[in-house]
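Peer 1: Just one file: query.cif, with mmCIF, C-alpha atoms.
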```
data_start
#
loop_
_atom_site.label_atom_id
_atom_site.label_comp_id
_atom_site.auth_asym_id
_atom_site.auth_seq_id
_atom_site.Cartn_x
_atom_site.Cartn_y
_atom_site.Cartn_z
CA MET A 1 -26.91 -145.03 42.90
CA ALA A 2 -27.17 -141.60 41.26
CA VAL A 3 -29.96 -141.17 38.71
CA ILE A 4 -30.01 -138.19 36.34
CA LYS A 5 -33.42 -136.70 35.51
CA PRO A 6 -34.49 -133.74 33.31
CA PHE A 7 -34.93 -130.34 34.94
CA THR A 8 -38.67 -129.75 34.49
CA LYS A 9 -41.38 -127.78 36.25
CA ASP A 10 -41.87 -130.78 38.54
CA GLN A 11 -38.36 -130.27 39.97
CA ILE A 12 -38.42 -126.47 40.24
CA ARG A 13 -39.63 -126.33 43.83
CA SER A 14 -36.97 -128.67 45.20
CA ALA A 15 -34.24 -127.05 43.11
CA THR A 16 -35.24 -123.58 44.29
CA SER A 17 -35.00 -124.72 47.90
CA LEU A 18 -31.50 -126.16 47.36
CA ALA A 19 -30.23 -122.98 45.67
CA HIS A 20 -31.79 -120.74 48.30
CA GLN A 21 -30.29 -122.89 51.04
CA SER A 22 -26.81 -122.41 49.53
CA TYR A 23 -27.32 -118.64 49.50
CA LEU A 24 -28.39 -118.59 53.13
CA LYS A 25 -25.29 -120.54 54.16
CA GLU A 26 -23.04 -117.96 52.50
CA LEU A 27 -25.12 -115.15 54.01
CA GLU A 28 -24.14 -116.38 57.48
CA LYS A 29 -20.45 -115.91 56.66
CA ILE A 30 -20.39 -112.58 54.79
CA CYS A 31 -21.29 -109.26 56.44
CA GLY A 32 -23.29 -106.97 54.19
CA MET A 33 -24.98 -109.58 52.00
CA ARG A 34 -28.68 -108.92 51.57
CA GLU A 35 -31.32 -111.43 52.46
CA ILE A 36 -33.29 -112.56 49.43
CA ALA A 37 -36.65 -114.26 49.23
CA HIS A 38 -37.21 -117.80 48.03
CA SER A 39 -39.23 -116.31 45.16
CA VAL A 40 -36.19 -114.44 43.80
CA VAL A 41 -34.33 -117.70 43.24
CA HIS A 42 -37.47 -119.24 41.73
CA GLU A 43 -37.70 -116.43 39.16
CA VAL A 44 -34.10 -117.08 38.09
CA LEU A 45 -34.66 -120.81 37.65
CA VAL A 46 -38.00 -120.78 35.80
CA PRO A 47 -36.48 -119.73 32.43
CA LEU A 48 -34.04 -122.65 32.73
CA ILE A 49 -36.75 -125.29 32.81
CA ASP A 50 -36.18 -127.77 29.98
CA SER A 51 -32.80 -126.22 29.13
CA PRO A 52 -30.62 -128.84 27.39
CA TYR A 53 -27.96 -128.01 29.99
CA ALA A 54 -30.18 -128.47 33.03
CA PHE A 55 -30.80 -131.67 34.98
CA CYS A 56 -31.18 -133.09 38.48
CA VAL A 57 -29.40 -135.91 40.29
CA TYR A 58 -31.50 -138.19 42.47
CA GLU A 59 -30.25 -140.60 45.11
CA ASP A 60 -32.58 -142.98 46.95
CA GLY A 61 -35.57 -141.24 45.41
CA HIS A 62 -34.61 -137.77 46.62
CA MET A 63 -33.02 -134.84 44.79
CA ALA A 64 -29.36 -134.74 45.82
CA GLY A 65 -28.48 -131.83 43.57
CA PHE A 66 -29.15 -130.02 40.33
CA ILE A 67 -27.35 -127.90 37.78
CA ALA A 68 -29.04 -125.59 35.27
CA GLY A 69 -27.05 -123.87 32.56
CA ASP A 70 -28.26 -121.08 30.29
CA PRO A 71 -30.06 -122.68 27.30
CA HIS A 72 -27.90 -120.72 24.84
CA THR A 73 -24.45 -120.49 26.45
CA GLY A 74 -24.53 -123.25 29.04
CA LYS A 75 -23.21 -120.78 31.64
CA VAL A 76 -24.24 -121.71 35.18
CA SER A 77 -25.13 -118.78 37.46
CA LEU A 78 -24.89 -118.59 41.23
CA PHE A 79 -28.51 -119.74 41.61
CA GLY A 80 -28.16 -122.28 38.81
CA HIS A 81 -26.98 -125.14 40.99
CA GLY A 82 -27.42 -126.56 44.47
CA TYR A 83 -27.03 -129.70 46.50
CA ASN A 84 -28.32 -131.56 49.52
CA ASP A 85 -25.55 -134.07 49.96
CA GLU A 86 -22.70 -134.35 52.41
CA ASN A 87 -20.35 -135.46 49.64
CA ALA A 88 -20.65 -132.37 47.46
CA TYR A 89 -17.31 -133.06 45.77
CA LYS A 90 -18.48 -136.43 44.45
CA LEU A 91 -21.88 -135.05 43.44
CA TYR A 92 -20.42 -132.12 41.49
CA ASN A 93 -18.04 -134.45 39.68
CA ILE A 94 -21.06 -136.44 38.56
CA MET A 95 -22.95 -133.32 37.53
CA TYR A 96 -20.08 -131.71 35.65
CA THR A 97 -19.30 -134.95 33.80
CA GLU A 98 -22.86 -134.94 32.48
CA LEU A 99 -22.89 -131.20 31.81
CA ALA A 100 -19.56 -131.23 29.98
CA GLU A 101 -20.74 -134.02 27.69
CA ARG A 102 -23.82 -132.00 26.77
CA LEU A 103 -21.93 -128.75 26.26
CA VAL A 104 -19.18 -130.22 24.10
CA GLY A 105 -21.77 -132.22 22.18
CA SER A 106 -23.38 -128.89 21.26
CA GLY A 107 -20.07 -127.33 20.27
CA LEU A 108 -19.72 -125.24 23.44
CA ARG A 109 -16.09 -125.49 24.52
CA GLU A 110 -15.96 -122.65 27.05
CA HIS A 111 -17.62 -123.62 30.31
CA ALA A 112 -18.42 -121.20 33.14
CA VAL A 113 -19.94 -121.58 36.58
CA THR A 114 -20.26 -119.23 39.55
CA VAL A 115 -19.82 -120.74 43.02
CA TYR A 116 -19.94 -119.46 46.58
CA ARG A 117 -16.60 -118.65 48.16
CA HIS A 118 -17.15 -120.93 51.17
CA ASP A 119 -18.59 -123.86 49.18
CA ALA A 120 -15.45 -126.00 49.31
CA GLY A 121 -16.87 -129.17 47.76
CA PRO A 122 -18.07 -127.64 44.47
CA ILE A 123 -14.97 -125.45 44.17
CA GLU A 124 -12.65 -128.43 44.61
CA ALA A 125 -14.62 -130.48 42.10
CA PHE A 126 -14.47 -127.79 39.42
CA PHE A 127 -10.78 -127.08 40.02
CA HIS A 128 -9.99 -130.78 39.67
CA ASN A 129 -11.93 -130.77 36.40
CA GLY A 130 -9.71 -128.11 34.86
CA PHE A 131 -11.46 -124.89 35.85
CA GLY A 132 -9.62 -121.76 36.87
CA MET A 133 -10.76 -118.60 38.59
CA SER A 134 -11.86 -115.79 36.28
CA LYS A 135 -13.82 -113.22 38.28
CA VAL A 136 -14.44 -112.38 41.91
CA HIS A 137 -17.81 -111.13 43.18
CA ALA A 138 -17.35 -109.12 46.37
CA ILE A 139 -19.34 -106.93 48.72
CA ALA A 140 -18.63 -104.08 51.13
CA ASP A 141 -20.57 -103.66 54.34
CA LEU A 142 -21.58 -99.99 54.42
CA ASP A 143 -22.64 -100.22 58.04
CA SER A 144 -18.94 -100.20 58.81
CA THR A 145 -17.47 -96.72 59.13
CA TYR A 146 -16.32 -95.31 55.79
CA ALA A 147 -15.55 -91.64 55.27
CA ALA A 148 -14.26 -89.69 52.30
CA HIS A 149 -10.91 -88.57 53.66
CA PRO A 150 -9.69 -85.18 52.42
CA ILE A 151 -7.08 -85.23 49.68
CA GLY A 152 -3.85 -83.45 50.54
CA ASN A 153 -3.49 -81.98 47.07
CA ARG A 154 -6.32 -79.44 46.91
CA SER A 155 -6.08 -79.29 43.12
CA VAL A 156 -7.55 -82.82 42.92
CA ILE A 157 -11.36 -82.88 42.81
CA VAL A 158 -14.17 -85.36 42.09
CA GLU A 159 -16.74 -84.51 39.43
CA ALA A 160 -19.96 -86.32 38.56
CA LEU A 161 -20.65 -86.66 34.83
CA ASP A 162 -23.89 -87.29 32.99
CA THR A 163 -24.30 -88.68 29.48
CA SER A 164 -22.96 -85.50 27.90
CA GLY A 165 -19.60 -86.08 29.59
CA ILE A 166 -19.01 -89.65 28.46
CA GLU A 167 -17.12 -88.56 25.33
CA ARG A 168 -14.73 -86.61 27.52
CA LEU A 169 -13.59 -89.82 29.22
CA GLN A 170 -12.84 -91.79 26.06
CA PRO A 171 -9.04 -91.29 26.40
CA LEU A 172 -9.20 -92.74 29.93
CA LYS A 173 -11.47 -95.56 28.75
CA LYS A 174 -9.00 -96.40 25.99
CA ALA A 175 -6.14 -96.48 28.50
CA PHE A 176 -8.24 -98.72 30.76
CA ASP A 177 -8.99 -101.16 27.94
CA GLU A 178 -5.31 -101.27 26.95
CA HIS A 179 -4.36 -101.93 30.56
CA LEU A 180 -6.71 -104.92 30.74
CA ALA A 181 -5.50 -106.29 27.42
CA ASN A 182 -1.90 -106.46 28.62
CA SER A 183 -0.17 -108.98 30.89
CA PRO A 184 -1.17 -110.55 33.18
CA ALA A 185 -4.92 -110.05 32.66
CA PHE A 186 -5.19 -110.33 28.83
CA VAL A 187 -8.87 -109.37 29.09
CA VAL A 188 -10.62 -107.85 26.08
CA SER A 189 -12.99 -105.10 27.24
CA ASP A 190 -15.36 -103.44 24.77
CA SER A 191 -18.18 -102.40 27.10
CA PRO A 192 -19.13 -98.73 26.68
CA LEU A 193 -19.26 -96.40 29.66
CA THR A 194 -22.65 -95.60 31.19
CA ALA A 195 -24.11 -92.33 32.46
CA ASN A 196 -23.23 -92.93 36.14
CA LEU A 197 -19.64 -91.73 36.31
CA LEU A 198 -17.33 -90.06 38.78
CA VAL A 199 -14.09 -88.60 37.46
CA LEU A 200 -10.97 -87.61 39.39
CA VAL A 201 -9.43 -84.37 38.10
CA ASP A 202 -6.00 -82.91 38.89
CA GLU A 203 -5.41 -79.33 37.72
CA GLY A 204 -7.81 -79.76 34.83
CA ILE A 205 -6.53 -83.21 33.79
CA ASP A 206 -8.75 -86.29 34.07
CA ILE A 207 -6.66 -88.90 35.89
CA GLY A 208 -9.20 -91.57 36.81
CA PHE A 209 -12.84 -92.59 36.78
CA LEU A 210 -15.32 -94.82 38.53
CA GLU A 211 -18.40 -96.19 36.75
CA TRP A 212 -21.24 -97.36 38.97
CA SER A 213 -24.91 -98.23 39.18
CA PRO A 214 -26.85 -96.49 41.98
CA LYS A 215 -29.85 -98.73 41.29
CA ARG A 216 -27.86 -101.93 41.88
CA SER A 217 -25.42 -100.41 44.42
CA GLU A 218 -22.66 -101.80 42.23
CA ILE A 219 -19.30 -100.60 40.94
CA ILE A 220 -18.98 -101.55 37.28
CA SER A 221 -15.47 -100.42 36.31
CA ALA A 222 -12.72 -98.14 37.55
CA TYR A 223 -9.33 -96.86 36.46
CA LEU A 224 -6.56 -94.57 37.71
CA LYS A 225 -3.56 -93.57 35.61
CA PRO A 226 -0.41 -95.40 36.78
CA GLU A 227 1.52 -92.23 37.64
CA TRP A 228 -1.14 -91.18 40.18
CA ARG A 229 -1.36 -94.53 41.98
CA GLY A 230 -0.06 -95.17 45.47
CA ARG A 231 -1.24 -91.81 46.87
CA GLY A 232 -4.66 -92.86 48.16
CA LEU A 233 -6.39 -90.74 45.52
CA PHE A 234 -8.73 -93.45 44.29
CA ASN A 235 -10.12 -93.85 47.82
CA HIS A 236 -11.82 -90.51 47.37
CA LEU A 237 -13.81 -91.85 44.42
CA LEU A 238 -14.68 -95.05 46.25
CA PHE A 239 -15.70 -93.40 49.51
CA THR A 240 -17.77 -90.86 47.60
CA VAL A 241 -19.83 -93.76 46.24
CA PHE A 242 -20.05 -95.34 49.69
CA ASN A 243 -21.30 -92.10 51.23
CA ILE A 244 -23.89 -91.54 48.48
CA LEU A 245 -25.25 -95.04 48.98
CA LYS A 246 -25.30 -94.68 52.77
CA SER A 247 -27.21 -91.41 52.46
CA LYS A 248 -29.87 -93.30 50.48
CA GLY A 249 -30.18 -95.93 53.20
CA GLU A 250 -28.21 -98.67 51.43
CA HIS A 251 -26.23 -101.13 53.52
CA CYS A 252 -23.90 -102.67 50.96
CA CYS A 253 -22.00 -102.06 47.73
CA SER A 254 -20.81 -104.76 45.34
CA VAL A 255 -18.06 -105.08 42.76
CA THR A 256 -16.97 -107.77 40.31
CA PHE A 257 -13.34 -107.78 39.26
CA ASP A 258 -10.93 -109.92 37.25
CA SER A 259 -8.99 -112.25 39.51
CA MET A 260 -5.99 -112.26 37.15
CA ASN A 261 -5.39 -108.53 37.63
CA PRO A 262 -3.18 -108.43 40.77
CA SER A 263 -3.15 -104.66 41.26
CA SER A 264 -6.93 -104.21 41.14
CA SER A 265 -7.53 -107.39 43.15
CA ALA A 266 -5.27 -106.14 45.94
CA TYR A 267 -7.11 -102.83 46.04
CA TRP A 268 -10.68 -104.15 46.03
CA LEU A 269 -9.90 -106.75 48.70
CA LYS A 270 -9.00 -103.97 51.13
CA TYR A 271 -12.64 -102.90 51.31
CA PHE A 272 -14.73 -105.76 49.84
CA GLN A 273 -15.28 -109.34 50.98
CA PRO A 274 -15.48 -111.99 48.24
CA TYR A 275 -18.66 -114.04 48.37
CA ALA A 276 -18.52 -115.84 45.01
CA TYR A 277 -16.08 -116.85 42.29
CA GLU A 278 -16.68 -117.23 38.58
CA LEU A 279 -14.78 -120.25 37.30
CA LYS A 280 -14.02 -121.02 33.66
CA ARG A 281 -12.66 -123.87 31.60
CA LYS A 282 -11.76 -123.83 27.91
CA ILE A 283 -11.51 -127.07 25.97
#
```
Since I need it in another form, could you write the structure as structure tokens?
Peer 2:
Amino acid sequence: MAVIKPFTKDQIRSATSLAHQSYLKELEKICGMREIAHSVVHEVLVPLIDSPYAFCVYEDGHMAGFIAGDPHTGKVSLFGHGYNDENAYKLYNIMYTELAERLVGSGLREHAVTVYRHDAGPIEAFFHNGFGMSKVHAIADLDSTYAAHPIGNRSVIVEALDTSGIERLQPLKKAFDEHLANSPAFVVSDSPLTANLLVLVDEGIDIGFLEWSPKRSEIISAYLKPEWRGRGLFNHLLFTVFNILKSKGEHCCSVTFDSMNPSSSAYWLKYFQPYAYELKRKI
């Protein structure tokens, strides 16, 4: 019989092991994922101790699984859940039933959880409980051979911009936000651009940009005007980032994109392997 217990400091060690174990299983399937220490997972879980949306499930005196949502939003991160049970589907149904009651009881009617791509049991349980895919977390293995292929049109160049050039890209940023707000994505984007930007220029006209974080080896956002698509131009931006990261000794690059945007999804999946999905449910 399943017994639900609070997520306290007494459970943190076992929960950390379960979450780390889930990461290692996905690591075996995805090239380019970095190994992380047990302590990294522990640091993520410590702030969730005593969260009203965190608890453990015990069976026969042992922790079968846990789920730990953010104390303010209830959102469950990739390290915020784990299990040690062959019947993960059944366990996650039990855990979400409890979590949903707590979230709705607090007035939180938008539920979000991030799961590993190859974790079939949890994914099936959340889908059957009304969740849909929202975002895809993917990674590129830079140890594979990537090269910035020359662009046939010599008038097209890549420029790096610092903070002083952000204002210059506002027309492109506006077009990008409008693109996301339309069908089929219907995503409202109001995040400002950062200082780490590459812009694609054709005969003095800015036609696309890529926003990225060198520190996190992560692509944050990207856009190319519709009339310039289909020519392989955006590859030059992407491979420029790959080559910069490789020159610094990095082995991977990550991106998170909206799953309901077919054009961008198709592009990113050419070069990146999904390793996790963000699922959402609105009540």
Peer 1: Take the PyMOL selection byres ((chain A and resi 30) around 9), apply it to the structure above, and return the hits as a list in words.
Peer 2: Glu26, Leu27, Glu28, Lys29, Cys31, Gly32, Met33, Ile139, Asp141, Gln273, Pro274 and Tyr275 of chain A
Peer 1: Please, could you write that set of residues out with C-alpha atoms as a compact mmCIF listing (two decimals), in the coordinates of the input?
Peer 2:
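Contents of the output file again.txt:
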```txt
# COMPACT_ATOMS: atom_id res chain seq x y z
CA GLU A 26 -23.04 -117.96 52.50
CA LEU A 27 -25.12 -115.15 54.01
CA GLU A 28 -24.14 -116.38 57.48
CA LYS A 29 -20.45 -115.91 56.66
CA CYS A 31 -21.29 -109.26 56.44
CA GLY A 32 -23.29 -106.97 54.19
CA MET A 33 -24.98 -109.58 52.00
CA ILE A 139 -19.34 -106.93 48.72
CA ASP A 141 -20.57 -103.66 54.34
CA GLN A 273 -15.28 -109.34 50.98
CA PRO A 274 -15.48 -111.99 48.24
CA TYR A 275 -18.66 -114.04 48.37
```
Peer 1: For a quick check of understanding, using all atoms listed in the file, which of A:Val46, A:Ala100, A:Ala160, A:Ala138 has the smallest distance to A:Lys282?
Peer 2: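 Counting all atoms listed in the file, the residue closest to A:Lys282 is A:Ala100.
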Peer 1: Expressed in Å to a single decimal, how great is the separation between atom CA of A:Asp85 and atom CA of A:Gly65?
Peer 2: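 Value for the atom CA of A:Asp85-atom CA of A:Gly65 distance: 7.4 Å.
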Peer 1: Pick the closest to A:Gly165 from A:Thr194, A:Gln11, A:Thr97, A:Ser263: which is it, counting only C-alpha atoms?
Peer 2: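 The closest residue to A:Gly165 is A:Thr194.
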Peer 1: For atom CA of A:Ala112 and atom CA of A:Leu78, determine how far apart the two atoms are, in Å to one decimal place.
Peer 2: 10.7 Å
Peer 1: Which residue gives the smallest distance to A:Ala185 among A:Ser247, A:Ser155, A:Thr8, A:Ser265, with all atoms listed in the file counted?
Peer 2: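 Of the candidates, the smallest distance to A:Ala185 is held by A:Ser265.
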Peer 1: What would the selection look like, as a list in words, if the PyMOL selection byres ((chain A and resi 217) around 10) were run on the coordinates I just shared?
Peer 2: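 Taken on the displayed file, the PyMOL selection byres ((chain A and resi 217) around 10) yields the residues Ile139, Trp212, Ser213, Pro214, Lys215, Arg216, Glu218, Ile219, Ile220, Val241, Phe242, Ile244, Leu245, Glu250, His251, Cys252, Cys253, Ser254 and Val255 of chain A.
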Peer 1: Could you save the residues just selected, with C-alpha atoms, as a PDB file, keeping the file's coordinate frame?
Peer 2:
```pdb
ATOM      1  CA  ILE A 139     -19.340-106.930  48.720  1.00  0.00           C
ATOM      2  CA  TRP A 212     -21.240 -97.360  38.970  1.00  0.00           C
ATOM      3  CA  SER A 213     -24.910 -98.230  39.180  1.00  0.00           C
ATOM      4  CA  PRO A 214     -26.850 -96.490  41.980  1.00  0.00           C
ATOM      5  CA  LYS A 215     -29.850 -98.730  41.290  1.00  0.00           C
ATOM      6  CA  ARG A 216     -27.860-101.930  41.880  1.00  0.00           C
ATOM      7  CA  GLU A 218     -22.660-101.800  42.230  1.00  0.00           C
ATOM      8  CA  ILE A 219     -19.300-100.600  40.940  1.00  0.00           C
ATOM      9  CA  ILE A 220     -18.980-101.550  37.280  1.00  0.00           C
ATOM     10  CA  VAL A 241     -19.830 -93.760  46.240  1.00  0.00           C
ATOM     11  CA  PHE A 242     -20.050 -95.340  49.690  1.00  0.00           C
ATOM     12  CA  ILE A 244     -23.890 -91.540  48.480  1.00  0.00           C
ATOM     13  CA  LEU A 245     -25.250 -95.040  48.980  1.00  0.00           C
ATOM     14  CA  GLU A 250     -28.210 -98.670  51.430  1.00  0.00           C
ATOM     15  CA  HIS A 251     -26.230-101.130  53.520  1.00  0.00           C
ATOM     16  CA  CYS A 252     -23.900-102.670  50.960  1.00  0.00           C
ATOM     17  CA  CYS A 253     -22.000-102.060  47.730  1.00  0.00           C
ATOM     18  CA  SER A 254     -20.810-104.760  45.340  1.00  0.00           C
ATOM     19  CA  VAL A 255     -18.060-105.080  42.760  1.00  0.00           C
TER      20      VAL A 255
END
```
Peer 1: Write out as a JSON list (two decimals) with C-alpha atoms, in the frame of the given file the residues lying within 9 Å of A:Leu161, counting only C-alpha atoms and excluding same-chain residues fewer than 2 positions away.
Peer 2:
```json
[["chain", "number", "residue", "atom", "x", "y", "z"],
["A", 159, "GLU", "CA", -16.74, -84.51, 39.43],
["A", 163, "THR", "CA", -24.30, -88.68, 29.48],
["A", 164, "SER", "CA", -22.96, -85.50, 27.90],
["A", 165, "GLY", "CA", -19.60, -86.08, 29.59],
["A", 166, "ILE", "CA", -19.01, -89.65, 28.46],
["A", 195, "ALA", "CA", -24.11, -92.33, 32.46],
["A", 196, "ASN", "CA", -23.23, -92.93, 36.14],
["A", 197, "LEU", "CA", -19.64, -91.73, 36.31],
["A", 198, "LEU", "CA", -17.33, -90.06, 38.78],
["A", 199, "VAL", "CA", -14.09, -88.60, 37.46]]
```
Peer 1: I'd like the interatomic distance between atom CA of A:Thr256 and atom CA of A:Ser144, to a tenth of an Å.
Peer 2: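 Taking atom CA of A:Thr256 and atom CA of A:Ser144, their separation equals 20.1 Å.
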Peer 1: Determine the residue membership of the PyMOL selection byres ((chain A and resi 106) around 12) for the file above and supply it as a PDB file with C-alpha atoms, keeping the file's coordinate frame.
Peer 2:
```
ATOM      1  CA  PRO A  52     -30.620-128.840  27.390  1.00  0.00           C
ATOM      2  CA  TYR A  53     -27.960-128.010  29.990  1.00  0.00           C
ATOM      3  CA  PRO A  71     -30.060-122.680  27.300  1.00  0.00           C
ATOM      4  CA  HIS A  72     -27.900-120.720  24.840  1.00  0.00           C
ATOM      5  CA  THR A  73     -24.450-120.490  26.450  1.00  0.00           C
ATOM      6  CA  GLY A  74     -24.530-123.250  29.040  1.00  0.00           C
ATOM      7  CA  LEU A  99     -22.890-131.200  31.810  1.00  0.00           C
ATOM      8  CA  ALA A 100     -19.560-131.230  29.980  1.00  0.00           C
ATOM      9  CA  GLU A 101     -20.740-134.020  27.690  1.00  0.00           C
ATOM     10  CA  ARG A 102     -23.820-132.000  26.770  1.00  0.00           C
ATOM     11  CA  LEU A 103     -21.930-128.750  26.260  1.00  0.00           C
ATOM     12  CA  VAL A 104     -19.180-130.220  24.100  1.00  0.00           C
ATOM     13  CA  GLY A 105     -21.770-132.220  22.180  1.00  0.00           C
ATOM     14  CA  GLY A 107     -20.070-127.330  20.270  1.00  0.00           C
ATOM     15  CA  LEU A 108     -19.720-125.240  23.440  1.00  0.00           C
ATOM     16  CA  ARG A 109     -16.090-125.490  24.520  1.00  0.00           C
ATOM     17  CA  GLU A 110     -15.960-122.650  27.050  1.00  0.00           C
ATOM     18  CA  HIS A 111     -17.620-123.620  30.310  1.00  0.00           C
TER      19      HIS A 111
END
```
Peer 1: Which centre and edge lengths in Å to one decimal define the box along x, y and z that fits every listed atom of stretch 220-231 of chain A plus 8 Å per side, as JSON?
Peer 2:
```
{"center_x": -8.7, "center_y": -96.4, "center_z": 41.2, "size_x": 36.5, "size_y": 26.4, "size_z": 27.3}
```
Peer 1: My list of candidates is A:Ile67, A:Ala266, A:Ala125, A:Val115. Which is closest to A:Asn93 when distances are computed with only C-alpha atoms?
Peer 2: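 Going through A:Ile67, A:Ala266, A:Ala125, A:Val115 one by one, the smallest distance to A:Asn93 is for A:Ala125.
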Peer 1: With a distance cut-off of 6 Å and all atoms listed in the file, select the neighbouring residues of A:Ala276, excluding the residue or stretch itself and same-chain residues fewer than 6 positions from it, and output the selection as a ChimeraX atom specification.
Peer 2: /A:115-117,137
Peer 1: Could you list, as a list in words, every residue within 9 Å of A:Asp60, counting all atoms listed in the file and ignoring same-chain residues fewer than 6 positions away?
Peer 2: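 Non-adjacent residues within range: Met1, Ala2 and Val3 of chain A.
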Peer 1: Please write the residues from the selection above to a file, keeping C-alpha atoms, as a compact mmCIF listing (two decimals), in the coordinates of the input.
Peer 2:
```
# COMPACT_ATOMS: atom_id res chain seq x y z
CA MET A 1 -26.91 -145.03 42.90
CA ALA A 2 -27.17 -141.60 41.26
CA VAL A 3 -29.96 -141.17 38.71
```
Peer 1: Would you mind telling me which residue in A:Tyr223, A:Ala54, A:Leu193, A:Leu142 lies nearest to A:Phe239 when using all atoms listed in the file?
Peer 2: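 Using all atoms listed in the file, A:Phe239 sits closest to A:Leu142.
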Peer 1: Considering only C-alpha atoms, state which residue in the set A:Glu124, A:Glu211, A:Glu59, A:Asp206 is at the smallest distance from A:Pro171.
Peer 2: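 Answer, going by the shortest atom-to-atom distance: A:Asp206.
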Peer 1: Name all residues at most 12 Å from A:Glu43 (count all atoms listed in the file; drop same-chain ones fewer than 5 positions away) and give them as a list in words.
Peer 2: Ile12, Arg13, Ala15, Thr16, Ala19, His20, Ile36, Ala37, His38, Leu48, Ile49, Phe79 and Gly80 of chain A
Peer 1: Can I get the selected residues back with C-alpha atoms, as a tab-separated table (two decimals), in the frame of the given file?
Peer 2:
```tsv
chain	number	residue	atom	x	y	z
A	12	ILE	CA	-38.42	-126.47	40.24
A	13	ARG	CA	-39.63	-126.33	43.83
A	15	ALA	CA	-34.24	-127.05	43.11
A	16	THR	CA	-35.24	-123.58	44.29
A	19	ALA	CA	-30.23	-122.98	45.67
A	20	HIS	CA	-31.79	-120.74	48.30
A	36	ILE	CA	-33.29	-112.56	49.43
A	37	ALA	CA	-36.65	-114.26	49.23
A	38	HIS	CA	-37.21	-117.80	48.03
A	48	LEU	CA	-34.04	-122.65	32.73
A	49	ILE	CA	-36.75	-125.29	32.81
A	79	PHE	CA	-28.51	-119.74	41.61
A	80	GLY	CA	-28.16	-122.28	38.81
```
Peer 1: Which polymer residues have any atom within 12 Å of an atom of A:Ala175, counting all atoms listed in the file, with same-chain residues fewer than 4 positions away left out, as a list in words?
Peer 2: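 Skipping anything fewer than 4 positions along the chain leaves Leu169, Gln170, Pro171, His179, Leu180, Ala181, Asn182, Ser189, Asp206, Ile207, Gly208, Phe209, Ala222, Tyr223, Leu224, Lys225 and Pro226 of chain A.
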